[in-house]
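Source file: target_2.csv. Holds: CSV, C-alpha atoms (C1' of nucleotides).
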chain,number,residue,atom,x,y,z
A,1,MET,CA,0.0,0.0,0.0
A,2,PRO,CA,1.6,3.3,-1.1
A,3,LYS,CA,1.7,5.8,1.7
A,4,ARG,CA,-1.0,8.3,0.9
A,5,ARG,CA,-1.3,11.9,2.0
A,6,ILE,CA,-3.8,12.1,4.9
A,7,LEU,CA,-3.4,15.6,6.4
A,8,PRO,CA,-5.7,17.5,4.0
A,9,TYR,CA,-8.5,15.0,4.5
A,10,VAL,CA,-8.1,15.3,8.3
A,11,LEU,CA,-8.3,19.1,8.0
A,12,LEU,CA,-11.4,18.7,5.8
A,13,GLY,CA,-13.0,16.5,8.3
A,14,LEU,CA,-12.3,18.7,11.2
A,15,ILE,CA,-13.6,21.8,9.4
A,16,ASN,CA,-16.6,19.9,8.2
A,17,ASN,CA,-17.4,18.8,11.8
A,18,LYS,CA,-17.1,22.2,13.4
A,19,GLY,CA,-18.4,24.5,10.6
A,20,LYS,CA,-15.4,26.8,10.5
A,21,LEU,CA,-12.0,26.7,12.2
A,22,SER,CA,-8.8,28.8,12.2
A,23,GLY,CA,-5.4,27.3,11.8
A,24,TYR,CA,-4.8,27.9,15.5
A,25,GLN,CA,-8.0,26.2,16.5
A,26,ILE,CA,-7.1,23.2,14.4
A,27,SER,CA,-3.8,22.8,16.1
A,28,GLN,CA,-5.7,22.9,19.4
A,29,GLU,CA,-8.1,20.1,18.1
A,30,PHE,CA,-5.1,17.8,17.9
A,31,LYS,CA,-4.8,18.0,21.7
A,32,ASN,CA,-8.1,16.2,22.1
A,33,GLU,CA,-9.5,12.9,20.7
A,34,VAL,CA,-8.4,13.4,17.1
A,35,GLY,CA,-4.9,13.6,18.5
A,36,GLU,CA,-5.2,9.9,19.4
A,37,PHE,CA,-5.2,9.1,15.7
A,38,TRP,CA,-3.6,12.0,13.9
A,39,HIS,CA,-1.4,14.9,14.7
A,40,ALA,CA,0.0,17.9,12.9
A,41,SER,CA,2.0,20.9,14.0
A,42,HIS,CA,1.1,24.4,13.0
A,43,SER,CA,4.0,24.6,10.6
A,44,GLN,CA,2.2,22.0,8.5
A,45,ILE,CA,-1.3,23.2,9.0
A,46,TYR,CA,-1.1,26.8,7.8
A,47,PRO,CA,0.5,26.1,4.4
A,48,GLU,CA,-1.8,23.1,3.9
A,49,LEU,CA,-4.9,25.3,4.5
A,50,ALA,CA,-3.6,27.8,1.9
A,51,ARG,CA,-3.0,25.0,-0.6
A,52,MET,CA,-6.5,23.6,0.0
A,53,LYS,CA,-8.0,27.0,-0.6
A,54,THR,CA,-6.2,27.3,-3.9
A,55,ASP,CA,-7.6,23.9,-4.8
A,56,GLY,CA,-11.1,25.1,-4.0
A,57,TRP,CA,-11.7,22.8,-1.1
A,58,LEU,CA,-12.0,25.6,1.3
A,59,THR,CA,-12.9,29.3,1.5
A,60,ASP,CA,-11.7,31.7,4.2
A,61,GLU,CA,-13.2,34.4,6.2
A,62,ASP,CA,-11.1,36.9,8.2
A,63,ASP,CA,-12.3,38.8,11.2
A,64,GLY,CA,-9.1,40.8,11.7
A,65,LYS,CA,-7.8,38.5,14.4
A,66,SER,CA,-8.0,35.1,12.8
A,67,THR,CA,-8.5,33.6,9.4
A,68,TYR,CA,-11.3,31.0,9.6
A,69,TYR,CA,-11.7,28.3,6.9
A,70,LEU,CA,-15.0,26.9,5.7
A,71,ILE,CA,-15.5,23.8,3.6
A,72,THR,CA,-16.8,24.2,0.0
A,73,LYS,CA,-19.1,21.8,-1.9
A,74,LEU,CA,-16.0,20.5,-3.6
A,75,GLY,CA,-14.4,20.0,-0.3
A,76,GLN,CA,-17.3,18.1,1.0
A,77,SER,CA,-17.4,15.7,-1.9
A,78,THR,CA,-13.7,15.2,-1.7
A,79,LEU,CA,-14.0,14.4,2.0
A,80,ARG,CA,-16.8,11.9,1.4
A,81,ALA,CA,-14.9,10.3,-1.4
A,82,TRP,CA,-11.9,9.8,0.9
A,83,LEU,CA,-14.1,8.4,3.7
A,84,ALA,CA,-15.6,5.9,1.1
A,85,GLU,CA,-12.2,4.7,-0.1
A,86,PRO,CA,-11.4,1.1,0.9
A,87,LEU,CA,-9.6,0.8,4.2
A,88,ASN,CA,-6.1,-0.6,3.7
A,89,ASP,CA,-3.9,-1.7,6.5
A,90,ASP,CA,-3.2,1.9,7.3
A,91,ASN,CA,-5.3,2.0,10.4
A,92,LEU,CA,-7.6,4.8,9.4
A,93,PHE,CA,-10.7,3.2,10.8
A,94,SER,CA,-11.0,5.3,14.0
A,95,LEU,CA,-9.9,8.5,12.3
A,96,LYS,CA,-12.5,8.1,9.5
A,97,LEU,CA,-15.2,7.1,12.0
A,98,TYR,CA,-14.5,10.3,13.9
A,99,PHE,CA,-15.6,12.3,10.9
A,100,ILE,CA,-19.0,10.5,10.4
A,101,ARG,CA,-21.5,12.4,12.5
A,102,ASP,CA,-24.8,10.7,11.6
A,103,GLN,CA,-25.5,7.2,12.8
A,104,LYS,CA,-27.7,6.6,9.7
A,105,ASP,CA,-25.0,7.7,7.3
A,106,PRO,CA,-24.4,4.8,4.9
A,107,LEU,CA,-20.7,5.4,5.3
A,108,MET,CA,-21.0,4.3,8.9
A,109,GLU,CA,-22.1,0.7,8.0
A,110,HIS,CA,-19.6,0.7,5.1
A,111,LEU,CA,-16.7,1.5,7.4
A,112,LEU,CA,-17.7,-1.0,10.1
A,113,THR,CA,-18.2,-3.8,7.6
A,114,GLN,CA,-14.8,-3.2,6.0
A,115,GLU,CA,-13.0,-3.0,9.3
A,116,LEU,CA,-14.7,-6.2,10.4
A,117,ALA,CA,-13.5,-8.1,7.3
A,118,ILE,CA,-9.9,-6.8,7.8
A,119,ASN,CA,-9.9,-7.8,11.5
A,120,GLN,CA,-11.3,-11.2,10.8
A,121,ASP,CA,-8.4,-11.8,8.4
A,122,LYS,CA,-5.9,-10.5,10.9
A,123,TYR,CA,-7.3,-12.6,13.6
A,124,ALA,CA,-7.1,-15.8,11.5
A,125,HIS,CA,-3.6,-14.9,10.5
A,126,LEU,CA,-2.5,-14.3,14.1
A,127,LYS,CA,-4.0,-17.6,15.3
A,128,LYS,CA,-2.1,-19.4,12.6
A,129,ARG,CA,1.1,-17.7,13.6
A,130,LEU,CA,0.6,-18.7,17.2
A,131,GLU,CA,0.2,-22.4,16.2
A,132,THR,CA,3.2,-22.2,13.9
A,133,VAL,CA,5.6,-20.5,16.2
A,134,PHE,CA,4.6,-21.7,19.6
A,135,PHE,CA,4.0,-25.4,19.0
A,136,ASN,CA,5.4,-26.5,22.4
A,137,GLU,CA,6.2,-25.2,25.9
A,138,ALA,CA,9.9,-24.7,25.2
A,139,GLN,CA,9.2,-22.2,22.4
A,140,ILE,CA,7.0,-20.2,24.8
A,141,ASN,CA,9.6,-20.1,27.5
A,142,GLU,CA,12.4,-19.1,25.2
A,143,ASN,CA,10.5,-16.3,23.7
A,144,TYR,CA,8.1,-15.2,26.3
A,145,GLY,CA,7.8,-11.6,25.3
A,146,HIS,CA,7.0,-12.6,21.8
A,147,TYR,CA,4.4,-15.1,23.1
A,148,LEU,CA,2.8,-12.4,25.2
A,149,ILE,CA,2.4,-9.9,22.5
A,150,LEU,CA,1.0,-12.5,20.1
A,151,THR,CA,-1.6,-13.8,22.6
A,152,ARG,CA,-2.4,-10.2,23.5
A,153,ALA,CA,-2.8,-9.2,19.8
A,154,ILE,CA,-5.2,-12.1,19.4
A,155,GLU,CA,-7.3,-11.1,22.4
A,156,ARG,CA,-7.4,-7.6,21.1
A,157,GLU,CA,-8.6,-8.6,17.7
A,158,LYS,CA,-11.3,-10.8,19.3
A,159,ASN,CA,-12.6,-7.9,21.3
A,160,HIS,CA,-12.5,-5.6,18.4
A,161,ILE,CA,-14.4,-8.0,16.2
A,162,ALA,CA,-17.1,-8.6,18.9
A,163,TRP,CA,-17.5,-4.8,19.2
A,164,LEU,CA,-17.8,-4.3,15.5
A,165,GLN,CA,-20.4,-7.1,15.2
A,166,ASN,CA,-22.3,-5.7,18.0
A,167,ASN,CA,-22.4,-2.2,16.5
A,168,LEU,CA,-23.3,-3.5,13.1
A,169,LYS,CA,-26.3,-5.2,14.6
A,170,GLY,CA,-27.2,-2.0,16.4
A,171,LEU,CA,-27.3,-0.1,13.1
A,172,VAL,CA,-30.1,-2.2,11.7
B,173,MET,CA,8.3,13.9,23.6
B,174,PRO,CA,11.0,14.4,21.0
B,175,LYS,CA,10.8,11.9,18.2
B,176,ARG,CA,13.6,9.4,18.8
B,177,ARG,CA,15.4,7.2,16.5
B,178,ILE,CA,14.1,3.7,16.9
B,179,LEU,CA,15.4,1.6,14.0
B,180,PRO,CA,18.9,0.8,15.3
B,181,TYR,CA,17.4,-0.6,18.5
B,182,VAL,CA,14.9,-2.7,16.6
B,183,LEU,CA,17.8,-4.1,14.5
B,184,LEU,CA,19.8,-4.8,17.7
B,185,GLY,CA,16.7,-6.6,19.2
B,186,LEU,CA,16.2,-8.7,16.2
B,187,ILE,CA,19.8,-9.7,15.9
B,188,ASN,CA,20.0,-10.4,19.6
B,189,ASN,CA,16.9,-12.6,19.4
B,190,LYS,CA,18.1,-14.7,16.5
B,191,GLY,CA,21.8,-14.8,17.1
B,192,LYS,CA,22.8,-13.6,13.7
B,193,LEU,CA,20.9,-12.2,10.7
B,194,SER,CA,21.7,-10.8,7.3
B,195,GLY,CA,20.2,-7.6,6.0
B,196,TYR,CA,17.9,-9.6,3.8
B,197,GLN,CA,16.7,-11.8,6.6
B,198,ILE,CA,15.9,-8.7,8.7
B,199,SER,CA,13.8,-7.3,5.9
B,200,GLN,CA,11.9,-10.6,5.9
B,201,GLU,CA,11.4,-10.5,9.7
B,202,PHE,CA,9.3,-7.4,9.2
B,203,LYS,CA,6.8,-9.5,7.3
B,204,ASN,CA,6.0,-11.4,10.5
B,205,GLU,CA,5.0,-10.2,14.0
B,206,VAL,CA,7.5,-7.4,14.4
B,207,GLY,CA,6.0,-5.9,11.3
B,208,GLU,CA,2.9,-5.2,13.4
B,209,PHE,CA,4.9,-2.8,15.4
B,210,TRP,CA,7.7,-1.6,13.3
B,211,HIS,CA,8.8,-1.7,9.7
B,212,ALA,CA,11.8,-0.7,7.6
B,213,SER,CA,12.7,-1.2,4.0
B,214,HIS,CA,16.0,-2.7,2.8
B,215,SER,CA,17.2,0.7,1.7
B,216,GLN,CA,17.2,1.8,5.3
B,217,ILE,CA,18.4,-1.5,6.8
B,218,TYR,CA,21.7,-2.0,4.9
B,219,PRO,CA,23.2,1.5,5.6
B,220,GLU,CA,22.0,1.3,9.2
B,221,LEU,CA,23.8,-2.0,9.8
B,222,ALA,CA,27.0,-0.6,8.4
B,223,ARG,CA,26.7,2.4,10.7
B,224,MET,CA,26.1,0.2,13.7
B,225,LYS,CA,29.1,-1.9,12.9
B,226,THR,CA,31.2,1.3,12.8
B,227,ASP,CA,29.8,2.2,16.2
B,228,GLY,CA,30.9,-1.2,17.5
B,229,TRP,CA,27.3,-2.4,18.2
B,230,LEU,CA,27.7,-5.2,15.7
B,231,THR,CA,30.3,-7.4,14.0
B,232,ASP,CA,29.9,-9.1,10.7
B,233,GLU,CA,30.6,-12.5,9.2
B,234,ASP,CA,30.5,-13.1,5.5
B,235,ASP,CA,29.9,-16.6,3.9
B,236,GLY,CA,30.3,-15.4,0.4
B,237,LYS,CA,26.5,-15.2,-0.2
B,238,SER,CA,25.4,-13.0,2.6
B,239,THR,CA,26.8,-10.8,5.3
B,240,TYR,CA,25.5,-11.8,8.7
B,241,TYR,CA,25.6,-9.4,11.6
B,242,LEU,CA,26.1,-10.4,15.2
B,243,ILE,CA,25.6,-8.3,18.3
B,244,THR,CA,28.6,-7.3,20.4
B,245,LYS,CA,28.8,-6.8,24.2
B,246,LEU,CA,28.4,-3.1,23.6
B,247,GLY,CA,25.4,-3.7,21.4
B,248,GLN,CA,23.8,-5.8,24.1
B,249,SER,CA,24.2,-3.2,26.8
B,250,THR,CA,22.9,-0.6,24.4
B,251,LEU,CA,19.9,-2.7,23.7
B,252,ARG,CA,19.2,-3.3,27.3
B,253,ALA,CA,19.6,0.4,28.1
B,254,TRP,CA,17.0,1.2,25.5
B,255,LEU,CA,14.6,-1.4,26.8
B,256,ALA,CA,14.9,0.0,30.3
B,257,GLU,CA,14.2,3.6,29.2
B,258,PRO,CA,10.9,5.0,30.4
B,259,LEU,CA,8.0,4.4,28.0
B,260,ASN,CA,6.6,7.6,26.7
B,261,ASP,CA,3.5,8.0,24.7
B,262,ASP,CA,5.4,6.5,21.8
B,263,ASN,CA,3.7,3.1,21.9
B,264,LEU,CA,6.8,1.1,22.1
B,265,PHE,CA,5.4,-1.3,24.7
B,266,SER,CA,4.7,-4.2,22.4
B,267,LEU,CA,7.8,-3.7,20.4
B,268,LYS,CA,10.0,-3.7,23.4
B,269,LEU,CA,8.2,-6.6,25.0
B,270,TYR,CA,8.9,-8.6,21.8
B,271,PHE,CA,12.6,-8.3,22.5
B,272,ILE,CA,12.4,-9.7,26.1
B,273,ARG,CA,12.8,-13.4,25.9
B,274,ASP,CA,12.9,-14.5,29.5
B,275,GLN,CA,9.9,-14.4,31.7
B,276,LYS,CA,12.0,-13.8,34.8
B,277,ASP,CA,13.9,-10.9,33.2
B,278,PRO,CA,13.4,-7.9,35.5
B,279,LEU,CA,12.8,-5.8,32.5
B,280,MET,CA,9.6,-7.8,31.9
B,281,GLU,CA,7.9,-6.6,35.1
B,282,HIS,CA,9.4,-3.1,34.6
B,283,LEU,CA,7.7,-2.8,31.2
B,284,LEU,CA,4.4,-4.2,32.3
B,285,THR,CA,4.3,-1.9,35.3
B,286,GLN,CA,5.1,1.2,33.3
B,287,GLU,CA,2.5,0.3,30.7
B,288,LEU,CA,-0.1,-0.2,33.3
B,289,ALA,CA,0.5,3.3,34.8
B,290,ILE,CA,0.3,4.9,31.4
B,291,ASN,CA,-2.9,3.1,30.5
B,292,GLN,CA,-4.6,3.9,33.8
B,293,ASP,CA,-3.9,7.6,33.2
B,294,LYS,CA,-5.2,7.3,29.6
B,295,TYR,CA,-8.3,5.5,30.8
B,296,ALA,CA,-9.1,8.1,33.4
B,297,HIS,CA,-8.5,10.9,30.8
B,298,LEU,CA,-10.8,9.2,28.3
B,299,LYS,CA,-13.6,8.7,30.8
B,300,LYS,CA,-13.4,12.4,31.8
B,301,ARG,CA,-13.6,13.4,28.1
B,302,LEU,CA,-16.6,11.2,27.6
B,303,GLU,CA,-18.4,12.9,30.5
B,304,THR,CA,-17.3,16.4,29.3
B,305,VAL,CA,-18.2,16.0,25.6
B,306,PHE,CA,-21.3,13.7,25.7
B,307,PHE,CA,-23.3,15.1,28.6
B,308,ASN,CA,-26.6,14.4,26.9
B,309,GLU,CA,-28.3,12.4,24.1
B,310,ALA,CA,-28.2,15.2,21.6
B,311,GLN,CA,-24.4,15.4,21.7
B,312,ILE,CA,-24.2,11.6,21.0
B,313,ASN,CA,-26.6,11.7,18.1
B,314,GLU,CA,-24.9,14.7,16.5
B,315,ASN,CA,-21.5,13.2,16.7
B,316,TYR,CA,-22.1,9.5,16.6
B,317,GLY,CA,-18.7,8.5,15.1
B,318,HIS,CA,-16.9,10.5,17.7
B,319,TYR,CA,-19.0,8.9,20.4
B,320,LEU,CA,-18.2,5.4,19.0
B,321,ILE,CA,-14.5,5.8,18.9
B,322,LEU,CA,-14.4,7.3,22.4
B,323,THR,CA,-16.4,4.5,24.0
B,324,ARG,CA,-14.4,2.0,22.0
B,325,ALA,CA,-11.1,3.5,23.2
B,326,ILE,CA,-12.3,3.3,26.8
B,327,GLU,CA,-13.3,-0.4,26.3
B,328,ARG,CA,-9.9,-1.1,24.8
B,329,GLU,CA,-8.0,0.6,27.7
B,330,LYS,CA,-10.1,-1.4,30.1
B,331,ASN,CA,-9.2,-4.7,28.5
B,332,HIS,CA,-5.6,-3.8,28.2
B,333,ILE,CA,-5.4,-2.8,31.9
B,334,ALA,CA,-7.0,-6.0,33.0
B,335,TRP,CA,-4.6,-8.0,30.9
B,336,LEU,CA,-1.6,-6.2,32.3
B,337,GLN,CA,-2.7,-6.7,35.8
B,338,ASN,CA,-3.3,-10.3,35.2
B,339,ASN,CA,0.1,-10.8,33.7
B,340,LEU,CA,1.8,-8.9,36.5
B,341,LYS,CA,0.2,-11.2,39.0
B,342,GLY,CA,1.4,-14.2,37.0
B,343,LEU,CA,5.0,-13.0,37.2
B,344,VAL,CA,5.1,-13.2,41.0
C,345,DT,C1',14.3,-18.9,-20.9
C,346,DC,C1',11.6,-16.4,-18.1
C,347,DA,C1',9.8,-15.2,-14.0
C,348,DC,C1',10.7,-15.0,-9.3
C,349,DC,C1',13.4,-15.0,-5.2
C,350,DC,C1',17.9,-14.0,-3.0
C,351,DA,C1',20.9,-10.2,-1.8
C,352,DT,C1',22.7,-5.6,-1.6
C,353,DG,C1',23.3,-1.0,-2.8
C,354,DT,C1',22.4,4.4,-4.1
C,355,DA,C1',19.4,8.5,-5.2
C,356,DA,C1',15.5,11.6,-5.2
C,357,DG,C1',11.8,13.3,-2.9
C,358,DG,C1',8.0,13.9,0.5
C,359,DC,C1',6.1,14.3,5.0
C,360,DG,C1',6.7,15.8,9.4
C,361,DT,C1',9.6,17.6,13.1
C,362,DT,C1',12.1,21.2,15.6
C,363,DA,C1',13.9,25.6,15.5
C,364,DC,C1',13.7,30.3,14.3
C,365,DA,C1',10.7,34.5,13.9
C,366,DT,C1',7.2,38.0,14.8
C,367,DG,C1',3.5,40.6,17.0
C,368,DA,C1',-1.0,41.2,19.5
C,369,DT,C1',-3.7,40.4,23.6
C,370,DT,C1',-4.8,39.0,28.3
C,371,DG,C1',-4.2,38.0,33.2
C,372,DC,C1',-1.4,38.5,37.4
D,373,DG,C1',5.5,45.1,33.4
D,374,DC,C1',6.0,40.2,32.4
D,375,DA,C1',4.5,35.7,31.4
D,376,DA,C1',1.4,33.0,29.0
D,377,DT,C1',-1.6,32.4,25.3
D,378,DC,C1',-3.3,33.6,20.7
D,379,DA,C1',-2.0,33.6,16.0
D,380,DT,C1',0.7,32.9,11.9
D,381,DG,C1',4.6,32.3,9.2
D,382,DT,C1',9.4,30.3,7.2
D,383,DA,C1',13.7,27.3,7.3
D,384,DA,C1',16.6,23.4,8.2
D,385,DC,C1',16.9,18.9,8.7
D,386,DG,C1',15.8,13.8,9.4
D,387,DC,C1',13.4,9.6,8.7
D,388,DC,C1',11.4,6.9,5.5
D,389,DT,C1',9.5,5.7,1.0
D,390,DT,C1',9.8,4.8,-3.9
D,391,DA,C1',12.4,4.3,-7.6
D,392,DC,C1',16.6,3.1,-9.9
D,393,DA,C1',20.4,-0.4,-10.3
D,394,DT,C1',22.8,-4.7,-10.4
D,395,DG,C1',23.7,-9.6,-10.3
D,396,DG,C1',23.3,-14.7,-8.9
D,397,DG,C1',20.4,-18.8,-8.3
D,398,DT,C1',16.3,-21.8,-9.0
D,399,DG,C1',12.1,-23.9,-10.6
D,400,DA,C1',8.5,-24.3,-14.5
Output the file's structure as structure tokens, nothing else.
Amino acid sequence: MPKRRILPYVLLGLINNKGKLSGYQISQEFKNEVGEFWHASHSQIYPELARMKTDGWLTDEDDGKSTYYLITKLGQSTLRAWLAEPLNDDNLFSLKLYFIRDQKDPLMEHLLTQELAINQDKYAHLKKRLETVFFNEAQINENYGHYLILTRAIEREKNHIAWLQNNLKGLV
Amino acid sequence: MPKRRILPYVLLGLINNKGKLSGYQISQEFKNEVGEFWHASHSQIYPELARMKTDGWLTDEDDGKSTYYLITKLGQSTLRAWLAEPLNDDNLFSLKLYFIRDQKDPLMEHLLTQELAINQDKYAHLKKRLETVFFNEAQINENYGHYLILTRAIEREKNHIAWLQNNLKGLV
DNA sequence: TCACCCATGTAAGGCGTTACATGATTGC
DNA sequence: GCAATCATGTAACGCCTTACATGGGTGA
């Protein structure tokens, strides 16, 4: 999976969620929940906002103290196209979910379904690795840390899958 | 937290675990479990190994087909110093744990204890955020994705904390 | 013989960080 | 008055990725 550029979409998402934001406000946003999944410093944010305005994804509004950015129609469709893109292994699930505000938004189910498939694969893969690598007690004792993180990863996937299935049921 | 350079320590850890590895073998290692927590391409690995040899962390051994690297005493102490460093918020818990082979290694308990403290803080912080941001039904319905990832994050921390506590008990 | 894996290397470029800068406003 | 926060910007630099290169071995 080629490394894709994420920051502009994150900015779109944030601005879309809040209506309008200044560069400074965006940098503050990263101190809250979004910061768990993405971060950017102001030295990235300001030039990026300018570029996105040039591209017609944003417009701005200056009150003399701050420049606030608002999302355009083009920006909105760009954001939704990005949210609809298939999830790779790039761990964008939580980040994208953060930007979906309405429970009935079809993108919500779309995202959960994709993530479920990915995690079921991962789970199967990890279980197979466990069997392959730790086929007896000696292997476990000689690589205990490895054993721990593998069993932990399996547990984590299991919980995540259960949560996804639960929430998918809840959407119907 | 200043971004620190991790790759050399990962290479030390891998070589220490396996006894000796070639650059190519290391790049293959990243396709397995370590790859969950760290990755490097061969264009990084080869020069880095050369640098580490210059620094006296590794020695090499050539069989005509491949160059194998072995860890030196200095390399071992460097690795252990890195493993003992306090965990920041840089998510190195699983990676470091992978490199600890012996259940009775004091670093094992050290790591688990640190991670537990970090996650208890995170858990408390997330619960407070939930109360602050989602104080009524309207907030939830208007930002459902945000609500989902926040409650999910809380669940995840809870499970992780329980697992850590369990394993810490098991070590005694 | 042709594709694929083994095996190692250099070069260009992008993303993101820290550091360097500047100035206004607000609270103690 | 002085520190902290608001607010925005540029510059240097490092890590990592992709792309470019090269060559030997092996199985269909």
Counting all atoms listed in the file, which residues of chain C come no farther than 9 Å from chain A, as a ChimeraX atom specification?
/C:359-361,368
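Taking only C-alpha atoms into account, chain A lies nearest to B:Ile272 out of the set B:Ile272, B:Ala325, B:Ala253, B:Leu283.
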- Query: Please, which residues of chain A lie no more than 10 Å from chain B when the count uses all atoms listed in the file, and can they be set out as a PyMOL selection string?
  - Reply: chain A and resi 17+32-34+36+93-105+108+126+129+140-150+152-153+155-156+159-160+163-164+167
CA of Gln25 in chain A to CA of Thr78 in chain A measures 22.0 Å
- When the cut-off is 9 Å and we count all atoms listed in the file, which residues of chain D are near chain A, given as a PyMOL selection string? chain D and resi 378-382+389-390
Using only C-alpha atoms (C1' of nucleotides), please write the residues we just selected to a file, as a PDB file, keeping the file's coordinate frame.
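Once written, selection_36.pdb looks like this:
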ATOM      1  C1'  DC D 378      -3.300  33.600  20.700  1.00  0.00           C
ATOM      2  C1'  DA D 379      -2.000  33.600  16.000  1.00  0.00           C
ATOM      3  C1'  DT D 380       0.700  32.900  11.900  1.00  0.00           C
ATOM      4  C1'  DG D 381       4.600  32.300   9.200  1.00  0.00           C
ATOM      5  C1'  DT D 382       9.400  30.300   7.200  1.00  0.00           C
ATOM      6  C1'  DT D 389       9.500   5.700   1.000  1.00  0.00           C
ATOM      7  C1'  DT D 390       9.800   4.800  -3.900  1.00  0.00           C
TER       8       DT D 390
END
Pairwise distance, CA of Asp232 in chain B with C1' of DT394 in chain D, equals 22.7 Å
Every residue with an atom at most 12 Å from (21.8, -11.2, 15.6) (file coordinates; all atoms listed in the file) is what I'm after, so could you write them as a PyMOL selection string? chain B and resi 181-195+197-198+201+221+229-233+239-245+247-248+251+271
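For the pair CA of Met224 in chain B and CA of Pro180 in chain B, the interatomic distance is 7.4 Å.
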Hey, can I get the axis-aligned box for range 375-391 of chain D? All listed atoms, 5 Å padding on each side, centre and edge lengths in Å to one decimal, as AutoDock Vina command-line options.
--center_x 6.8 --center_y 20.0 --center_z 11.9 --size_x 30.2 --size_y 41.4 --size_z 49.0
Radius query 8 Å about (12.7, 25.6, 10.6), atoms used: only C-alpha atoms (C1' of nucleotides), as a PyMOL selection string: (chain C and resi 362-364) or (chain D and resi 382-384)
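Minimum atom-to-atom distance to DC388 in chain D, evaluated using only C-alpha atoms (C1' of nucleotides), belongs to B:Ile217 out of B:Lys203, B:Glu309, B:Ile326, B:Ile217.
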